[in-house]
Amino acid sequence: MTTHTDVRTLIPEDQEQLVLFLMRHVPTSLSLLSNVEKFGVQSEQEESLHAHYIGVFDDGLLQGILSLGIDDLVMVQCPQSHHLDHLMAAWRDWFDGGARGCIGPKLQIDYLCGLMNLNAEHVGINNTETVYGVETASLKGMHDAHEYSCRLAQAEDMPLLCAWYHTFLLELLPLKDNEALRQKIYDDRCLRLKNQQLFLFTDAAGVSIGMIEVVVLACERVQVGALFLPPDLRGKNIGMKLLQCLGIWLREHNVKHIYFLAAPSFEKLTRQACELGFEEMGHISIVLFREAISPTKEQVA
């Protein structure tokens with residue numbers, strides 16, 4: 001029996017099927033799930049600041065998606081390469097002006113970049129991180145975390161949040177420390193505070209000892225981002241205890257799963273996380289182009 005394959009823009013009526021599809025690939029779909037949860041699926045005619053979705057269907061069943069948002073980054077979730085071929089054509093035909101880069105499961109991003117014959121001349125950044133995850137009910141050693149307290153950050157915490165994130169960025173990235181950077185940090189902290197994405201931790205004396213940022217929250221799942229400890233508290237296994245403490249808070253607030261991404265260089269962090277019960281769940285790649293590009297007609301023929 002011949003399979004009928006169709007490629008089209010998703011409409012609001014497709015949202016339920018989209019969520020069900022992404023839920024089958026949760027660890028590498030968290031950002032997509034979060035976007036759908038927050039903003040829904042808009043019709044093709046809507047002027048939206050958020051992503052539109054292109055889907056490939058076999059006999060009416062969604063098999064893969066490609067999304068392009070206001071940041072001009074293509075996000076992909078499409079396990080089968082022959083379906084990716086269809087989405088490549090959609091990328092070329094439907095997204096004017098090309099894209100600045102692409103994000104998705106590593107094997108899928110490798111396939112897309114291979115089809116487009118991308119090399120160092122085209123690619124500015126090509127990073128791959130491993131996804132680790134655990135059910136909050138399965139976190140180990142939870143009793144070890146009770147010496148610390150966890151709470152959502154408040155407006156009065158802003159000076160500390162900004163100072164810590166400033167230190168975090170300068171340690172992590174080769175940034176120029178100036179007023180523009182400090183304003184960007186302030187704006188970012190304000191947004192994440194408003195979205196309830198920042199957690200502060202205190203010791204038994206009530207002294208603030210660390211910060212964890214939650215970047216994605218979707219379908220009772222949380223992805224942990226930046227974890228910051230002041231320099232004098234590092235190397236004492238406190239970071240893992242804060243992660244345990246966060247796990248207690250999330251479990252009490254009906255969050256079922258925690259995920260985080262780690263680069264290969266974070267070997268110590270991942271080893272300690274696995275001791276808490278985290279397991280490897282997949283790999284995410286992000287490729288940023290030196291200039292906006294799209295697949296050519298020959299590459300998707």
# chains A, B, ... in the order shown; residues from 1 in each chain; ligands from 1
>>> select_by_dssp(residues="region 26-258 of chain A", states="strand (DSSP E)", output="PyMOL selection string")
chain A and resi 52-58+61-68+73-77+99-105+123-135+149-152+198-202+208-218+221-228+257-258
>>> select_by_dssp(residues="region 48-185 of chain A", states="helix (DSSP H, G or I)", output="ChimeraX atom specification")
/A:81-94,106-115,136-138,142-145,155-172,179-185
>>> closest_residue(among="A:Leu175, A:Gly55, A:Val222, A:Ser294", to="Leu73 (chain A)", atoms="only C-alpha atoms")
A:Ser294
>>> closest_residue(among="A:Ala89, A:Ala137, A:Leu33, A:Val287", to="Arg251 (chain A)", atoms="only C-alpha atoms")
A:Ala137
>>> closest_residue(among="A:Phe57, A:Trp94, A:Tyr111, A:Trp164", to="Phe228 (chain A)", atoms="only C-alpha atoms")
A:Trp164
>>> residues_around(residues="Glu156 (chain A)", least_positions_apart="5", cutoff="12 Å", atoms="only C-alpha atoms", output="MDAnalysis selection string")
chainID A and resid 161:162 190 193 200
>>> residues_around(residues="Ala262 (chain A)", least_positions_apart="6", cutoff="10 Å", atoms="only C-alpha atoms", output="VMD selection string")
chain A and resid 128 to 132 225 269 to 270 283 to 284
>>> write_last_selection(atoms="all heavy atoms", output="PDB file, in the first residue's frame")
ATOM      1  N   THR A 128      28.013  20.377  20.468  1.00  0.00           N
ATOM      2  CA  THR A 128      27.122  19.278  20.832  1.00  0.00           C
ATOM      3  C   THR A 128      27.176  19.056  22.334  1.00  0.00           C
ATOM      4  O   THR A 128      28.249  19.049  22.933  1.00  0.00           O
ATOM      5  CB  THR A 128      27.528  17.978  20.113  1.00  0.00           C
ATOM      6  OG1 THR A 128      27.414  18.160  18.702  1.00  0.00           O
ATOM      7  CG2 THR A 128      26.621  16.819  20.537  1.00  0.00           C
ATOM      8  N   GLU A 129      26.000  18.923  22.931  1.00  0.00           N
ATOM      9  CA  GLU A 129      25.898  18.660  24.362  1.00  0.00           C
ATOM     10  C   GLU A 129      25.058  17.419  24.600  1.00  0.00           C
ATOM     11  O   GLU A 129      24.167  17.093  23.805  1.00  0.00           O
ATOM     12  CB  GLU A 129      25.291  19.864  25.087  1.00  0.00           C
ATOM     13  CG  GLU A 129      26.158  21.111  25.018  1.00  0.00           C
ATOM     14  CD  GLU A 129      25.594  22.260  25.835  1.00  0.00           C
ATOM     15  OE1 GLU A 129      24.364  22.439  25.833  1.00  0.00           O
ATOM     16  OE2 GLU A 129      26.383  22.970  26.481  1.00  0.00           O
ATOM     17  N   THR A 130      25.344  16.731  25.700  1.00  0.00           N
ATOM     18  CA  THR A 130      24.604  15.534  26.071  1.00  0.00           C
ATOM     19  C   THR A 130      23.460  15.916  27.000  1.00  0.00           C
ATOM     20  O   THR A 130      23.616  16.754  27.888  1.00  0.00           O
ATOM     21  CB  THR A 130      25.521  14.534  26.782  1.00  0.00           C
ATOM     22  OG1 THR A 130      26.615  14.208  25.910  1.00  0.00           O
ATOM     23  CG2 THR A 130      24.774  13.248  27.129  1.00  0.00           C
ATOM     24  N   VAL A 131      22.290  15.311  26.760  1.00  0.00           N
ATOM     25  CA  VAL A 131      21.123  15.522  27.616  1.00  0.00           C
ATOM     26  C   VAL A 131      21.114  14.438  28.696  1.00  0.00           C
ATOM     27  O   VAL A 131      21.198  13.248  28.391  1.00  0.00           O
ATOM     28  CB  VAL A 131      19.815  15.438  26.808  1.00  0.00           C
ATOM     29  CG1 VAL A 131      18.615  15.766  27.706  1.00  0.00           C
ATOM     30  CG2 VAL A 131      19.857  16.362  25.603  1.00  0.00           C
ATOM     31  N   TYR A 132      21.024  14.878  29.957  1.00  0.00           N
ATOM     32  CA  TYR A 132      20.886  13.958  31.089  1.00  0.00           C
ATOM     33  C   TYR A 132      19.530  14.216  31.742  1.00  0.00           C
ATOM     34  O   TYR A 132      19.076  15.358  31.816  1.00  0.00           O
ATOM     35  CB  TYR A 132      22.003  14.169  32.109  1.00  0.00           C
ATOM     36  CG  TYR A 132      23.361  13.767  31.608  1.00  0.00           C
ATOM     37  CD1 TYR A 132      24.155  14.663  30.898  1.00  0.00           C
ATOM     38  CD2 TYR A 132      23.862  12.489  31.846  1.00  0.00           C
ATOM     39  CE1 TYR A 132      25.403  14.294  30.418  1.00  0.00           C
ATOM     40  CE2 TYR A 132      25.121  12.117  31.377  1.00  0.00           C
ATOM     41  CZ  TYR A 132      25.881  13.020  30.664  1.00  0.00           C
ATOM     42  OH  TYR A 132      27.117  12.652  30.190  1.00  0.00           O
ATOM     43  N   GLY A 225      19.518  25.145  33.714  1.00  0.00           N
ATOM     44  CA  GLY A 225      20.566  25.852  32.997  1.00  0.00           C
ATOM     45  C   GLY A 225      21.741  26.170  33.896  1.00  0.00           C
ATOM     46  O   GLY A 225      22.345  25.280  34.492  1.00  0.00           O
ATOM     47  N   LEU A 269      31.023  17.122  36.564  1.00  0.00           N
ATOM     48  CA  LEU A 269      29.606  17.412  36.808  1.00  0.00           C
ATOM     49  C   LEU A 269      28.734  16.230  36.410  1.00  0.00           C
ATOM     50  O   LEU A 269      27.856  15.807  37.169  1.00  0.00           O
ATOM     51  CB  LEU A 269      29.185  18.655  36.029  1.00  0.00           C
ATOM     52  CG  LEU A 269      27.680  18.946  35.979  1.00  0.00           C
ATOM     53  CD1 LEU A 269      27.144  19.284  37.360  1.00  0.00           C
ATOM     54  CD2 LEU A 269      27.385  20.080  34.993  1.00  0.00           C
ATOM     55  N   THR A 270      28.972  15.686  35.220  1.00  0.00           N
ATOM     56  CA  THR A 270      28.126  14.594  34.752  1.00  0.00           C
ATOM     57  C   THR A 270      28.332  13.336  35.590  1.00  0.00           C
ATOM     58  O   THR A 270      27.384  12.593  35.845  1.00  0.00           O
ATOM     59  CB  THR A 270      28.398  14.293  33.269  1.00  0.00           C
ATOM     60  OG1 THR A 270      29.786  14.022  33.071  1.00  0.00           O
ATOM     61  CG2 THR A 270      28.010  15.479  32.412  1.00  0.00           C
ATOM     62  N   HIS A 283      21.608  13.558  22.541  1.00  0.00           N
ATOM     63  CA  HIS A 283      22.591  14.594  22.238  1.00  0.00           C
ATOM     64  C   HIS A 283      21.945  15.691  21.392  1.00  0.00           C
ATOM     65  O   HIS A 283      21.228  15.397  20.422  1.00  0.00           O
ATOM     66  CB  HIS A 283      23.795  14.011  21.500  1.00  0.00           C
ATOM     67  CG  HIS A 283      24.530  12.972  22.277  1.00  0.00           C
ATOM     68  ND1 HIS A 283      24.157  11.644  22.283  1.00  0.00           N
ATOM     69  CD2 HIS A 283      25.603  13.073  23.109  1.00  0.00           C
ATOM     70  CE1 HIS A 283      24.980  10.966  23.066  1.00  0.00           C
ATOM     71  NE2 HIS A 283      25.853  11.804  23.578  1.00  0.00           N
ATOM     72  N   ILE A 284      22.202  16.939  21.766  1.00  0.00           N
ATOM     73  CA  ILE A 284      21.675  18.108  21.059  1.00  0.00           C
ATOM     74  C   ILE A 284      22.841  18.870  20.422  1.00  0.00           C
ATOM     75  O   ILE A 284      23.861  19.115  21.082  1.00  0.00           O
ATOM     76  CB  ILE A 284      20.936  19.053  22.027  1.00  0.00           C
ATOM     77  CG1 ILE A 284      19.684  18.385  22.582  1.00  0.00           C
ATOM     78  CG2 ILE A 284      20.581  20.368  21.339  1.00  0.00           C
ATOM     79  CD1 ILE A 284      18.540  18.309  21.605  1.00  0.00           C
TER      80      ILE A 284
END
>>> atom_distance(atom1="CA of Gln17 (chain A)", atom2="CA of Leu112 (chain A)")
24.3 Å
>>> residues_around(residues="region 166-172 of chain A", least_positions_apart="2", cutoff="12 Å", atoms="only C-alpha atoms", output="NGL selection string")
:A and (158-164 or 174-186 or 188-189 or 210-213 or 225-231)
>>> atom_distance(atom1="CA of Ser29 (chain A)", atom2="CA of Gln77 (chain A)")
7.0 Å
>>> closest_residue(among="A:Glu16, A:Glu279, A:Glu121, A:Asp187", to="Gly40 (chain A)", atoms="only C-alpha atoms")
A:Glu16
>>> atom_distance(atom1="CA of Val76 (chain A)", atom2="CA of Glu13 (chain A)")
20.3 Å
>>> residues_around(residues="Ala90 (chain A)", least_positions_apart="6", cutoff="10 Å", atoms="only C-alpha atoms", output="MDAnalysis selection string")
chainID A and resid 7:9 54:56 66 84 295 300
>>> write_last_selection(atoms="all heavy atoms", output="PDB file, in the first residue's frame")
ATOM      1  N   VAL A   7       3.537  17.673   3.153  1.00  0.00           N
ATOM      2  CA  VAL A   7       4.293  18.669   3.917  1.00  0.00           C
ATOM      3  C   VAL A   7       3.499  19.970   3.907  1.00  0.00           C
ATOM      4  O   VAL A   7       3.122  20.456   2.837  1.00  0.00           O
ATOM      5  CB  VAL A   7       5.696  18.907   3.322  1.00  0.00           C
ATOM      6  CG1 VAL A   7       6.462  19.924   4.160  1.00  0.00           C
ATOM      7  CG2 VAL A   7       6.471  17.607   3.230  1.00  0.00           C
ATOM      8  N   ARG A   8       3.261  20.514   5.089  1.00  0.00           N
ATOM      9  CA  ARG A   8       2.458  21.740   5.153  1.00  0.00           C
ATOM     10  C   ARG A   8       2.715  22.478   6.465  1.00  0.00           C
ATOM     11  O   ARG A   8       3.301  21.943   7.406  1.00  0.00           O
ATOM     12  CB  ARG A   8       0.967  21.411   5.042  1.00  0.00           C
ATOM     13  CG  ARG A   8       0.429  20.505   6.142  1.00  0.00           C
ATOM     14  CD  ARG A   8      -1.081  20.354   6.047  1.00  0.00           C
ATOM     15  NE  ARG A   8      -1.629  19.400   7.012  1.00  0.00           N
ATOM     16  CZ  ARG A   8      -1.881  19.684   8.287  1.00  0.00           C
ATOM     17  NH1 ARG A   8      -1.618  20.898   8.775  1.00  0.00           N
ATOM     18  NH2 ARG A   8      -2.380  18.760   9.093  1.00  0.00           N
ATOM     19  N   THR A   9       2.252  23.719   6.495  1.00  0.00           N
ATOM     20  CA  THR A   9       2.306  24.505   7.723  1.00  0.00           C
ATOM     21  C   THR A   9       1.288  23.963   8.725  1.00  0.00           C
ATOM     22  O   THR A   9       0.133  23.696   8.358  1.00  0.00           O
ATOM     23  CB  THR A   9       1.986  25.976   7.422  1.00  0.00           C
ATOM     24  OG1 THR A   9       2.906  26.478   6.466  1.00  0.00           O
ATOM     25  CG2 THR A   9       2.086  26.814   8.701  1.00  0.00           C
ATOM     26  N   ILE A  54       6.477  23.735  10.358  1.00  0.00           N
ATOM     27  CA  ILE A  54       6.246  22.977   9.146  1.00  0.00           C
ATOM     28  C   ILE A  54       6.285  21.507   9.535  1.00  0.00           C
ATOM     29  O   ILE A  54       7.212  21.045  10.203  1.00  0.00           O
ATOM     30  CB  ILE A  54       7.330  23.248   8.092  1.00  0.00           C
ATOM     31  CG1 ILE A  54       7.459  24.753   7.839  1.00  0.00           C
ATOM     32  CG2 ILE A  54       7.013  22.496   6.805  1.00  0.00           C
ATOM     33  CD1 ILE A  54       6.225  25.397   7.292  1.00  0.00           C
ATOM     34  N   GLY A  55       5.272  20.747   9.125  1.00  0.00           N
ATOM     35  CA  GLY A  55       5.215  19.336   9.471  1.00  0.00           C
ATOM     36  C   GLY A  55       5.230  18.446   8.246  1.00  0.00           C
ATOM     37  O   GLY A  55       4.724  18.824   7.177  1.00  0.00           O
ATOM     38  N   VAL A  56       5.812  17.252   8.398  1.00  0.00           N
ATOM     39  CA  VAL A  56       5.736  16.241   7.359  1.00  0.00           C
ATOM     40  C   VAL A  56       4.854  15.112   7.892  1.00  0.00           C
ATOM     41  O   VAL A  56       5.050  14.620   9.009  1.00  0.00           O
ATOM     42  CB  VAL A  56       7.136  15.730   6.939  1.00  0.00           C
ATOM     43  CG1 VAL A  56       7.945  15.242   8.122  1.00  0.00           C
ATOM     44  CG2 VAL A  56       7.025  14.643   5.869  1.00  0.00           C
ATOM     45  N   LEU A  66       9.777  21.103  11.524  1.00  0.00           N
ATOM     46  CA  LEU A  66      10.821  22.117  11.429  1.00  0.00           C
ATOM     47  C   LEU A  66      10.185  23.434  11.836  1.00  0.00           C
ATOM     48  O   LEU A  66       9.060  23.736  11.433  1.00  0.00           O
ATOM     49  CB  LEU A  66      11.358  22.167  10.001  1.00  0.00           C
ATOM     50  CG  LEU A  66      12.483  23.140   9.661  1.00  0.00           C
ATOM     51  CD1 LEU A  66      13.338  22.532   8.548  1.00  0.00           C
ATOM     52  CD2 LEU A  66      11.917  24.476   9.194  1.00  0.00           C
ATOM     53  N   LEU A  84      13.259  14.146   6.675  1.00  0.00           N
ATOM     54  CA  LEU A  84      14.084  15.359   6.741  1.00  0.00           C
ATOM     55  C   LEU A  84      14.298  15.954   5.351  1.00  0.00           C
ATOM     56  O   LEU A  84      14.370  17.172   5.195  1.00  0.00           O
ATOM     57  CB  LEU A  84      15.438  15.045   7.385  1.00  0.00           C
ATOM     58  CG  LEU A  84      15.527  15.167   8.908  1.00  0.00           C
ATOM     59  CD1 LEU A  84      16.841  14.611   9.416  1.00  0.00           C
ATOM     60  CD2 LEU A  84      15.359  16.611   9.341  1.00  0.00           C
ATOM     61  N   PRO A 295      18.944  25.883   2.275  1.00  0.00           N
ATOM     62  CA  PRO A 295      19.306  24.809   1.324  1.00  0.00           C
ATOM     63  C   PRO A 295      19.068  25.283  -0.100  1.00  0.00           C
ATOM     64  O   PRO A 295      18.135  26.028  -0.378  1.00  0.00           O
ATOM     65  CB  PRO A 295      18.351  23.680   1.693  1.00  0.00           C
ATOM     66  CG  PRO A 295      17.868  23.990   3.075  1.00  0.00           C
ATOM     67  CD  PRO A 295      17.852  25.477   3.173  1.00  0.00           C
ATOM     68  N   VAL A 300      18.145  19.711  -2.253  1.00  0.00           N
ATOM     69  CA  VAL A 300      16.883  19.080  -1.822  1.00  0.00           C
ATOM     70  C   VAL A 300      16.126  18.500  -3.006  1.00  0.00           C
ATOM     71  O   VAL A 300      14.948  18.224  -2.916  1.00  0.00           O
ATOM     72  CB  VAL A 300      15.990  20.094  -1.065  1.00  0.00           C
ATOM     73  CG1 VAL A 300      16.666  20.534   0.216  1.00  0.00           C
ATOM     74  CG2 VAL A 300      15.672  21.297  -1.929  1.00  0.00           C
TER      75      VAL A 300
END
>>> residues_around(residues="Asn126 (chain A)", least_positions_apart="5", cutoff="9 Å", atoms="only C-alpha atoms", output="VMD selection string")
chain A and resid 285 to 289
>>> write_last_selection(atoms="N, CA, C and O atoms", output="PDB file, in the first residue's frame")
ATOM      1  N   SER A 285      22.684  19.232  19.175  1.00  0.00           N
ATOM      2  CA  SER A 285      23.694  20.046  18.489  1.00  0.00           C
ATOM      3  C   SER A 285      23.113  21.403  18.129  1.00  0.00           C
ATOM      4  O   SER A 285      21.937  21.511  17.774  1.00  0.00           O
ATOM      5  N   ILE A 286      23.954  22.415  18.225  1.00  0.00           N
ATOM      6  CA  ILE A 286      23.606  23.750  17.733  1.00  0.00           C
ATOM      7  C   ILE A 286      24.699  24.193  16.771  1.00  0.00           C
ATOM      8  O   ILE A 286      25.882  24.157  17.095  1.00  0.00           O
ATOM      9  N   VAL A 287      24.275  24.563  15.580  1.00  0.00           N
ATOM     10  CA  VAL A 287      25.190  25.042  14.546  1.00  0.00           C
ATOM     11  C   VAL A 287      24.770  26.463  14.179  1.00  0.00           C
ATOM     12  O   VAL A 287      23.617  26.689  13.800  1.00  0.00           O
ATOM     13  N   LEU A 288      25.691  27.400  14.317  1.00  0.00           N
ATOM     14  CA  LEU A 288      25.436  28.787  13.929  1.00  0.00           C
ATOM     15  C   LEU A 288      26.238  29.103  12.681  1.00  0.00           C
ATOM     16  O   LEU A 288      27.448  28.849  12.620  1.00  0.00           O
ATOM     17  N   PHE A 289      25.556  29.652  11.675  1.00  0.00           N
ATOM     18  CA  PHE A 289      26.196  29.958  10.407  1.00  0.00           C
ATOM     19  C   PHE A 289      26.872  31.328  10.468  1.00  0.00           C
ATOM     20  O   PHE A 289      26.464  32.204  11.235  1.00  0.00           O
TER      21      PHE A 289
END
>>> closest_residue(among="A:Asp157, A:Met281, A:Arg151, A:Arg271", to="Glu252 (chain A)", atoms="only C-alpha atoms")
A:Arg151
>>> closest_residue(among="A:Gly133, A:Ala204, A:Ile209, A:Leu107", to="Asp232 (chain A)", atoms="only C-alpha atoms")
A:Ile209
